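The structure appears below as structure tokens.
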2 protein chains.
Amino acid sequence: MSGGSEVEHLIELMAKLPGLGPVSARRAVLSMIRKKSLLMAPLAKAMAEVEATVRECNICGNITTHQFCDICRNPKRDQSTLCVLESVADLWAMERGASFKGRYFVLGGVLSALDGITPESLRIPMLIEQVVGGGVSEVILALNATMDGQTTAHYIAEQLSDSAVALTSLAQGVPIGGELNYLDDGTIAAALNARKVF
Amino acid sequence: MSGGSEVEHLIELMAKLPGLGPVSARRAVLSMIRKKSLLMAPLAKAMAEVEATVRECNICGNITTHQFCDICRNPKRDQSTLCVLESVADLWAMERGASFKGRYFVLGGVLSALDGITPESLRIPMLIEQVVGGGVSEVILALNATMDGQTTAHYIAEQLSDSAVALTSLAQGVPIGGELNYLDDGTIAAALNARKVF
């Protein structure tokens, strides 16, 4: 390979991004070099800018370039409904759905005995404090339907069992556009148990 | 989506890289934000550095951070053999092969009547000048085996027909590890025509 060690260093760094390997990183870097002023310069600038300004929202854990994120600062969002999520990626997915009008709380992970992730290493104490502090009437536990996600949901439910808030979770069933043929047995059983009048 | 317009702007730019779409760009940006000091800061720095320093080698058209690239500055490379390539990506592929010890010449594209690409918009006049200037005894036309690549090879061969240099091209045949079953008819015919004693 050639082009100077700077180029090679950039390729190595790009290859660390998820979804990119050494070959696609090389392709991306060559494409950037070809479009230096159109793509590479703005990308370097945007990256440095985000790196310098991005932080965790003090309230919900979403990423933001301010002290509080756009959602927490939005007075139109329902302050009484709090949706608890595992990650910022999940928050973005919920926002794309555009049907939830409440606020979020991002845990930043799920409990995992194997990985040594305790409630304190997540943002669970902050969540409990926020809910107990008042103003919240419903907490939606929208954690992923994995073993660790469900363990975390149960732990939070236990912690909040003394408070008056309603605890809910997302419905389980057949995804829109899903075909029974391709669904796992657990999903089909859950959808059957939760069947409703046609 | 949220996280501020800076983050969205970065995602949009990342999605312009080849091999990345909106979904994988989002994933890459989230991963960068999670590894701010380990990945995002070095990446922004490396990108700005390459953007500021990278340029075309004055001799061969390879990318470099100096006036001349590592290969052109290397006195151990055979000065009399010149390998003509379509792109820097092709040059890197040849270098990974590590069996060519001569110098390169990158055209920066191939002739295309449809796209209005003439010899002058490529680096063909510089190539002719360099070869006619002397010191080169063999020109390997290693252009891609596409219609435009072969047209370009023929054009260069015609331009150099009066000079004393030997013109060669890469052998065509079955790739190492290739299965006949998956090869196109043209490749099989070429391999058969160029068959050699076992």
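The chains in the structure tokens are called A, B, ... from first to last as shown; in each chain the residues are counted from 1, and the ligands are counted from 1 in the order shown.
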
Hey, could you lay chain B over chain A with a least-squares C-alpha fit (all atoms, paired in order) and save it as a PDB file with C-alpha atoms, in the first residue's frame?
ATOM      1  CA  MET B   1      -0.007   0.008   0.121  1.00  0.00           C
ATOM      2  CA  SER B   2       1.148   3.574  -0.233  1.00  0.00           C
ATOM      3  CA  GLY B   3      -0.019   7.147  -0.043  1.00  0.00           C
ATOM      4  CA  GLY B   4       1.827   7.931   3.136  1.00  0.00           C
ATOM      5  CA  SER B   5       1.356   6.760   6.681  1.00  0.00           C
ATOM      6  CA  GLU B   6      -1.305   9.451   7.286  1.00  0.00           C
ATOM      7  CA  VAL B   7      -3.601   7.814   4.740  1.00  0.00           C
ATOM      8  CA  GLU B   8      -2.919   4.349   6.144  1.00  0.00           C
ATOM      9  CA  HIS B   9      -3.619   5.611   9.662  1.00  0.00           C
ATOM     10  CA  LEU B  10      -6.951   7.060   8.493  1.00  0.00           C
ATOM     11  CA  ILE B  11      -7.883   3.756   6.831  1.00  0.00           C
ATOM     12  CA  GLU B  12      -7.071   1.871  10.045  1.00  0.00           C
ATOM     13  CA  LEU B  13      -9.292   4.199  12.070  1.00  0.00           C
ATOM     14  CA  MET B  14     -12.161   4.045   9.564  1.00  0.00           C
ATOM     15  CA  ALA B  15     -11.977   0.240   9.645  1.00  0.00           C
ATOM     16  CA  LYS B  16     -12.844   0.378  13.355  1.00  0.00           C
ATOM     17  CA  LEU B  17     -16.316   1.750  12.606  1.00  0.00           C
ATOM     18  CA  PRO B  18     -19.096  -0.831  12.785  1.00  0.00           C
ATOM     19  CA  GLY B  19     -20.065  -2.111   9.346  1.00  0.00           C
ATOM     20  CA  LEU B  20     -16.708  -1.183   7.796  1.00  0.00           C
ATOM     21  CA  GLY B  21     -13.793  -3.570   7.357  1.00  0.00           C
ATOM     22  CA  PRO B  22     -10.318  -2.971   5.902  1.00  0.00           C
ATOM     23  CA  VAL B  23     -11.567  -3.227   2.294  1.00  0.00           C
ATOM     24  CA  SER B  24     -14.557  -0.906   2.640  1.00  0.00           C
ATOM     25  CA  ALA B  25     -12.519   1.528   4.769  1.00  0.00           C
ATOM     26  CA  ARG B  26      -9.991   1.743   1.938  1.00  0.00           C
ATOM     27  CA  ARG B  27     -12.804   2.376  -0.536  1.00  0.00           C
ATOM     28  CA  ALA B  28     -14.319   5.055   1.699  1.00  0.00           C
ATOM     29  CA  VAL B  29     -10.979   6.828   2.187  1.00  0.00           C
ATOM     30  CA  LEU B  30     -10.216   6.789  -1.556  1.00  0.00           C
ATOM     31  CA  SER B  31     -13.664   8.199  -2.239  1.00  0.00           C
ATOM     32  CA  MET B  32     -13.099  10.924   0.352  1.00  0.00           C
ATOM     33  CA  ILE B  33      -9.743  11.825  -1.193  1.00  0.00           C
ATOM     34  CA  ARG B  34     -11.377  12.050  -4.627  1.00  0.00           C
ATOM     35  CA  LYS B  35     -14.041  14.381  -3.197  1.00  0.00           C
ATOM     36  CA  LYS B  36     -11.742  16.340  -0.920  1.00  0.00           C
ATOM     37  CA  SER B  37     -13.570  19.647  -0.786  1.00  0.00           C
ATOM     38  CA  LEU B  38     -17.064  18.206  -1.232  1.00  0.00           C
ATOM     39  CA  LEU B  39     -16.896  15.383   1.281  1.00  0.00           C
ATOM     40  CA  MET B  40     -13.642  15.067   3.204  1.00  0.00           C
ATOM     41  CA  ALA B  41     -13.306  18.639   4.458  1.00  0.00           C
ATOM     42  CA  PRO B  42     -16.965  18.922   5.628  1.00  0.00           C
ATOM     43  CA  LEU B  43     -16.756  15.463   7.203  1.00  0.00           C
ATOM     44  CA  ALA B  44     -13.594  16.276   9.150  1.00  0.00           C
ATOM     45  CA  LYS B  45     -15.159  19.550  10.292  1.00  0.00           C
ATOM     46  CA  ALA B  46     -18.496  17.982  11.285  1.00  0.00           C
ATOM     47  CA  MET B  47     -16.721  15.208  13.155  1.00  0.00           C
ATOM     48  CA  ALA B  48     -14.503  17.610  15.102  1.00  0.00           C
ATOM     49  CA  GLU B  49     -17.547  19.766  15.879  1.00  0.00           C
ATOM     50  CA  VAL B  50     -19.644  16.863  17.161  1.00  0.00           C
ATOM     51  CA  GLU B  51     -16.651  15.514  19.066  1.00  0.00           C
ATOM     52  CA  ALA B  52     -16.233  18.857  20.809  1.00  0.00           C
ATOM     53  CA  THR B  53     -19.883  19.595  21.538  1.00  0.00           C
ATOM     54  CA  VAL B  54     -21.787  16.326  21.921  1.00  0.00           C
ATOM     55  CA  ARG B  55     -22.673  15.200  25.438  1.00  0.00           C
ATOM     56  CA  GLU B  56     -25.216  13.256  27.434  1.00  0.00           C
ATOM     57  CA  CYS B  57     -28.488  15.045  28.208  1.00  0.00           C
ATOM     58  CA  ASN B  58     -28.496  15.678  31.964  1.00  0.00           C
ATOM     59  CA  ILE B  59     -32.087  14.498  32.253  1.00  0.00           C
ATOM     60  CA  CYS B  60     -32.665  11.589  29.902  1.00  0.00           C
ATOM     61  CA  GLY B  61     -29.245  10.361  28.743  1.00  0.00           C
ATOM     62  CA  ASN B  62     -29.956  11.082  25.062  1.00  0.00           C
ATOM     63  CA  ILE B  63     -27.062  12.663  23.140  1.00  0.00           C
ATOM     64  CA  THR B  64     -27.227  16.383  22.656  1.00  0.00           C
ATOM     65  CA  THR B  65     -25.055  19.384  21.972  1.00  0.00           C
ATOM     66  CA  HIS B  66     -26.744  21.365  24.748  1.00  0.00           C
ATOM     67  CA  GLN B  67     -27.140  20.749  28.467  1.00  0.00           C
ATOM     68  CA  PHE B  68     -30.568  19.200  27.833  1.00  0.00           C
ATOM     69  CA  CYS B  69     -31.686  17.450  24.647  1.00  0.00           C
ATOM     70  CA  ASP B  70     -34.338  18.702  22.198  1.00  0.00           C
ATOM     71  CA  ILE B  71     -36.920  16.289  23.581  1.00  0.00           C
ATOM     72  CA  CYS B  72     -36.431  17.229  27.239  1.00  0.00           C
ATOM     73  CA  ARG B  73     -36.542  20.939  26.326  1.00  0.00           C
ATOM     74  CA  ASN B  74     -39.722  20.521  24.272  1.00  0.00           C
ATOM     75  CA  PRO B  75     -42.700  21.756  26.393  1.00  0.00           C
ATOM     76  CA  LYS B  76     -45.146  19.969  24.084  1.00  0.00           C
ATOM     77  CA  ARG B  77     -43.877  16.545  25.138  1.00  0.00           C
ATOM     78  CA  ASP B  78     -46.006  14.829  27.775  1.00  0.00           C
ATOM     79  CA  GLN B  79     -44.055  15.178  31.049  1.00  0.00           C
ATOM     80  CA  SER B  80     -46.014  12.454  32.815  1.00  0.00           C
ATOM     81  CA  THR B  81     -45.089   9.510  30.581  1.00  0.00           C
ATOM     82  CA  LEU B  82     -41.534   8.193  30.711  1.00  0.00           C
ATOM     83  CA  CYS B  83     -40.266   5.594  28.258  1.00  0.00           C
ATOM     84  CA  VAL B  84     -37.242   3.650  29.549  1.00  0.00           C
ATOM     85  CA  LEU B  85     -34.839   2.481  26.824  1.00  0.00           C
ATOM     86  CA  GLU B  86     -31.570   0.623  26.618  1.00  0.00           C
ATOM     87  CA  SER B  87     -29.704   2.868  24.179  1.00  0.00           C
ATOM     88  CA  VAL B  88     -29.755   6.104  22.196  1.00  0.00           C
ATOM     89  CA  ALA B  89     -30.185   3.979  19.048  1.00  0.00           C
ATOM     90  CA  ASP B  90     -33.451   2.658  20.542  1.00  0.00           C
ATOM     91  CA  LEU B  91     -34.549   6.239  21.294  1.00  0.00           C
ATOM     92  CA  TRP B  92     -33.937   7.254  17.684  1.00  0.00           C
ATOM     93  CA  ALA B  93     -35.912   4.211  16.515  1.00  0.00           C
ATOM     94  CA  MET B  94     -38.847   5.237  18.760  1.00  0.00           C
ATOM     95  CA  GLU B  95     -38.682   8.813  17.436  1.00  0.00           C
ATOM     96  CA  ARG B  96     -38.776   7.557  13.845  1.00  0.00           C
ATOM     97  CA  GLY B  97     -41.989   5.753  14.785  1.00  0.00           C
ATOM     98  CA  ALA B  98     -43.267   9.266  15.673  1.00  0.00           C
ATOM     99  CA  SER B  99     -46.175   7.992  17.748  1.00  0.00           C
ATOM    100  CA  PHE B 100     -44.752   8.470  21.237  1.00  0.00           C
ATOM    101  CA  LYS B 101     -45.236  11.958  22.653  1.00  0.00           C
ATOM    102  CA  GLY B 102     -43.820  11.527  26.156  1.00  0.00           C
ATOM    103  CA  ARG B 103     -40.263  11.755  27.430  1.00  0.00           C
ATOM    104  CA  TYR B 104     -37.478   9.180  27.422  1.00  0.00           C
ATOM    105  CA  PHE B 105     -34.944   7.768  29.820  1.00  0.00           C
ATOM    106  CA  VAL B 106     -31.881   6.041  28.331  1.00  0.00           C
ATOM    107  CA  LEU B 107     -30.214   3.521  30.655  1.00  0.00           C
ATOM    108  CA  GLY B 108     -27.068   3.188  28.590  1.00  0.00           C
ATOM    109  CA  GLY B 109     -27.113  -0.604  28.715  1.00  0.00           C
ATOM    110  CA  VAL B 110     -28.758  -3.482  30.536  1.00  0.00           C
ATOM    111  CA  LEU B 111     -27.876  -5.378  33.687  1.00  0.00           C
ATOM    112  CA  SER B 112     -25.538  -8.274  33.075  1.00  0.00           C
ATOM    113  CA  ALA B 113     -24.040 -10.431  35.795  1.00  0.00           C
ATOM    114  CA  LEU B 114     -21.628 -11.966  33.266  1.00  0.00           C
ATOM    115  CA  ASP B 115     -20.255  -8.593  32.143  1.00  0.00           C
ATOM    116  CA  GLY B 116     -20.325  -7.177  35.678  1.00  0.00           C
ATOM    117  CA  ILE B 117     -22.877  -4.479  34.838  1.00  0.00           C
ATOM    118  CA  THR B 118     -24.663  -3.433  38.022  1.00  0.00           C
ATOM    119  CA  PRO B 119     -27.576  -0.970  38.511  1.00  0.00           C
ATOM    120  CA  GLU B 120     -25.037   1.649  39.602  1.00  0.00           C
ATOM    121  CA  SER B 121     -22.989   1.386  36.388  1.00  0.00           C
ATOM    122  CA  LEU B 122     -26.200   2.082  34.447  1.00  0.00           C
ATOM    123  CA  ARG B 123     -28.353   5.138  35.124  1.00  0.00           C
ATOM    124  CA  ILE B 124     -30.925   3.191  37.169  1.00  0.00           C
ATOM    125  CA  PRO B 125     -30.512   5.161  40.453  1.00  0.00           C
ATOM    126  CA  MET B 126     -31.124   8.417  38.517  1.00  0.00           C
ATOM    127  CA  LEU B 127     -34.243   6.871  36.962  1.00  0.00           C
ATOM    128  CA  ILE B 128     -35.656   5.823  40.343  1.00  0.00           C
ATOM    129  CA  GLU B 129     -34.898   9.274  41.753  1.00  0.00           C
ATOM    130  CA  GLN B 130     -36.606  10.976  38.804  1.00  0.00           C
ATOM    131  CA  VAL B 131     -39.732   8.806  39.040  1.00  0.00           C
ATOM    132  CA  VAL B 132     -39.985   8.982  42.843  1.00  0.00           C
ATOM    133  CA  GLY B 133     -39.407  12.748  42.611  1.00  0.00           C
ATOM    134  CA  GLY B 134     -42.912  13.050  41.147  1.00  0.00           C
ATOM    135  CA  GLY B 135     -44.587  14.282  38.000  1.00  0.00           C
ATOM    136  CA  VAL B 136     -44.470  10.908  36.303  1.00  0.00           C
ATOM    137  CA  SER B 137     -47.640   8.825  36.147  1.00  0.00           C
ATOM    138  CA  GLU B 138     -46.573   6.063  33.749  1.00  0.00           C
ATOM    139  CA  VAL B 139     -43.247   4.331  33.108  1.00  0.00           C
ATOM    140  CA  ILE B 140     -43.066   2.323  29.878  1.00  0.00           C
ATOM    141  CA  LEU B 141     -40.353  -0.306  30.127  1.00  0.00           C
ATOM    142  CA  ALA B 142     -39.385  -0.524  26.437  1.00  0.00           C
ATOM    143  CA  LEU B 143     -36.286  -2.623  26.924  1.00  0.00           C
ATOM    144  CA  ASN B 144     -35.249  -5.134  24.299  1.00  0.00           C
ATOM    145  CA  ALA B 145     -36.891  -8.559  24.473  1.00  0.00           C
ATOM    146  CA  THR B 146     -33.597 -10.247  25.359  1.00  0.00           C
ATOM    147  CA  MET B 147     -32.789 -12.107  28.561  1.00  0.00           C
ATOM    148  CA  ASP B 148     -30.718  -9.196  29.967  1.00  0.00           C
ATOM    149  CA  GLY B 149     -33.290  -6.622  28.815  1.00  0.00           C
ATOM    150  CA  GLN B 150     -36.088  -8.428  30.608  1.00  0.00           C
ATOM    151  CA  THR B 151     -33.977  -8.928  33.748  1.00  0.00           C
ATOM    152  CA  THR B 152     -33.350  -5.188  33.815  1.00  0.00           C
ATOM    153  CA  ALA B 153     -37.068  -4.448  33.317  1.00  0.00           C
ATOM    154  CA  HIS B 154     -37.931  -6.706  36.254  1.00  0.00           C
ATOM    155  CA  TYR B 155     -35.282  -5.087  38.436  1.00  0.00           C
ATOM    156  CA  ILE B 156     -36.645  -1.591  37.693  1.00  0.00           C
ATOM    157  CA  ALA B 157     -40.230  -2.784  38.272  1.00  0.00           C
ATOM    158  CA  GLU B 158     -39.180  -4.128  41.675  1.00  0.00           C
ATOM    159  CA  GLN B 159     -37.470  -0.855  42.620  1.00  0.00           C
ATOM    160  CA  LEU B 160     -40.600   1.101  41.668  1.00  0.00           C
ATOM    161  CA  SER B 161     -43.109  -1.298  43.222  1.00  0.00           C
ATOM    162  CA  ASP B 162     -43.696   1.027  46.196  1.00  0.00           C
ATOM    163  CA  SER B 163     -44.395   4.079  44.062  1.00  0.00           C
ATOM    164  CA  ALA B 164     -47.795   4.941  42.594  1.00  0.00           C
ATOM    165  CA  VAL B 165     -46.689   5.042  38.941  1.00  0.00           C
ATOM    166  CA  ALA B 166     -48.218   2.682  36.389  1.00  0.00           C
ATOM    167  CA  LEU B 167     -45.645   0.314  34.870  1.00  0.00           C
ATOM    168  CA  THR B 168     -46.260  -0.860  31.315  1.00  0.00           C
ATOM    169  CA  SER B 169     -44.285  -2.677  28.649  1.00  0.00           C
ATOM    170  CA  LEU B 170     -44.478  -2.811  24.839  1.00  0.00           C
ATOM    171  CA  ALA B 171     -46.958  -5.279  23.325  1.00  0.00           C
ATOM    172  CA  GLN B 172     -45.483  -8.476  21.941  1.00  0.00           C
ATOM    173  CA  GLY B 173     -46.823 -10.014  18.742  1.00  0.00           C
ATOM    174  CA  VAL B 174     -46.496 -10.342  14.993  1.00  0.00           C
ATOM    175  CA  PRO B 175     -44.555  -7.405  13.418  1.00  0.00           C
ATOM    176  CA  ILE B 176     -46.384  -5.396  10.725  1.00  0.00           C
ATOM    177  CA  GLY B 177     -45.654  -7.126   7.414  1.00  0.00           C
ATOM    178  CA  GLY B 178     -44.304 -10.170   9.264  1.00  0.00           C
ATOM    179  CA  GLU B 179     -44.936 -13.681   8.005  1.00  0.00           C
ATOM    180  CA  LEU B 180     -45.805 -16.402  10.501  1.00  0.00           C
ATOM    181  CA  ASN B 181     -43.585 -18.778   8.582  1.00  0.00           C
ATOM    182  CA  TYR B 182     -40.493 -16.760   9.502  1.00  0.00           C
ATOM    183  CA  LEU B 183     -41.373 -15.976  13.127  1.00  0.00           C
ATOM    184  CA  ASP B 184     -39.924 -17.821  16.066  1.00  0.00           C
ATOM    185  CA  ASP B 185     -42.138 -19.976  18.266  1.00  0.00           C
ATOM    186  CA  GLY B 186     -41.956 -17.577  21.231  1.00  0.00           C
ATOM    187  CA  THR B 187     -43.332 -14.665  19.202  1.00  0.00           C
ATOM    188  CA  ILE B 188     -46.169 -16.766  17.791  1.00  0.00           C
ATOM    189  CA  ALA B 189     -47.075 -18.002  21.282  1.00  0.00           C
ATOM    190  CA  ALA B 190     -47.013 -14.413  22.640  1.00  0.00           C
ATOM    191  CA  ALA B 191     -49.185 -13.152  19.757  1.00  0.00           C
ATOM    192  CA  LEU B 192     -51.639 -15.995  20.295  1.00  0.00           C
ATOM    193  CA  ASN B 193     -51.873 -15.369  24.045  1.00  0.00           C
ATOM    194  CA  ALA B 194     -52.515 -11.658  23.453  1.00  0.00           C
ATOM    195  CA  ARG B 195     -55.016 -12.221  20.626  1.00  0.00           C
ATOM    196  CA  LYS B 196     -57.842  -9.686  20.274  1.00  0.00           C
ATOM    197  CA  VAL B 197     -61.340  -9.486  18.736  1.00  0.00           C
ATOM    198  CA  PHE B 198     -61.150  -9.027  14.946  1.00  0.00           C
TER     199      PHE B 198
END

Test item, alpha helix (DSSP H) assignment across chain B, answer as a count of residues only: 81
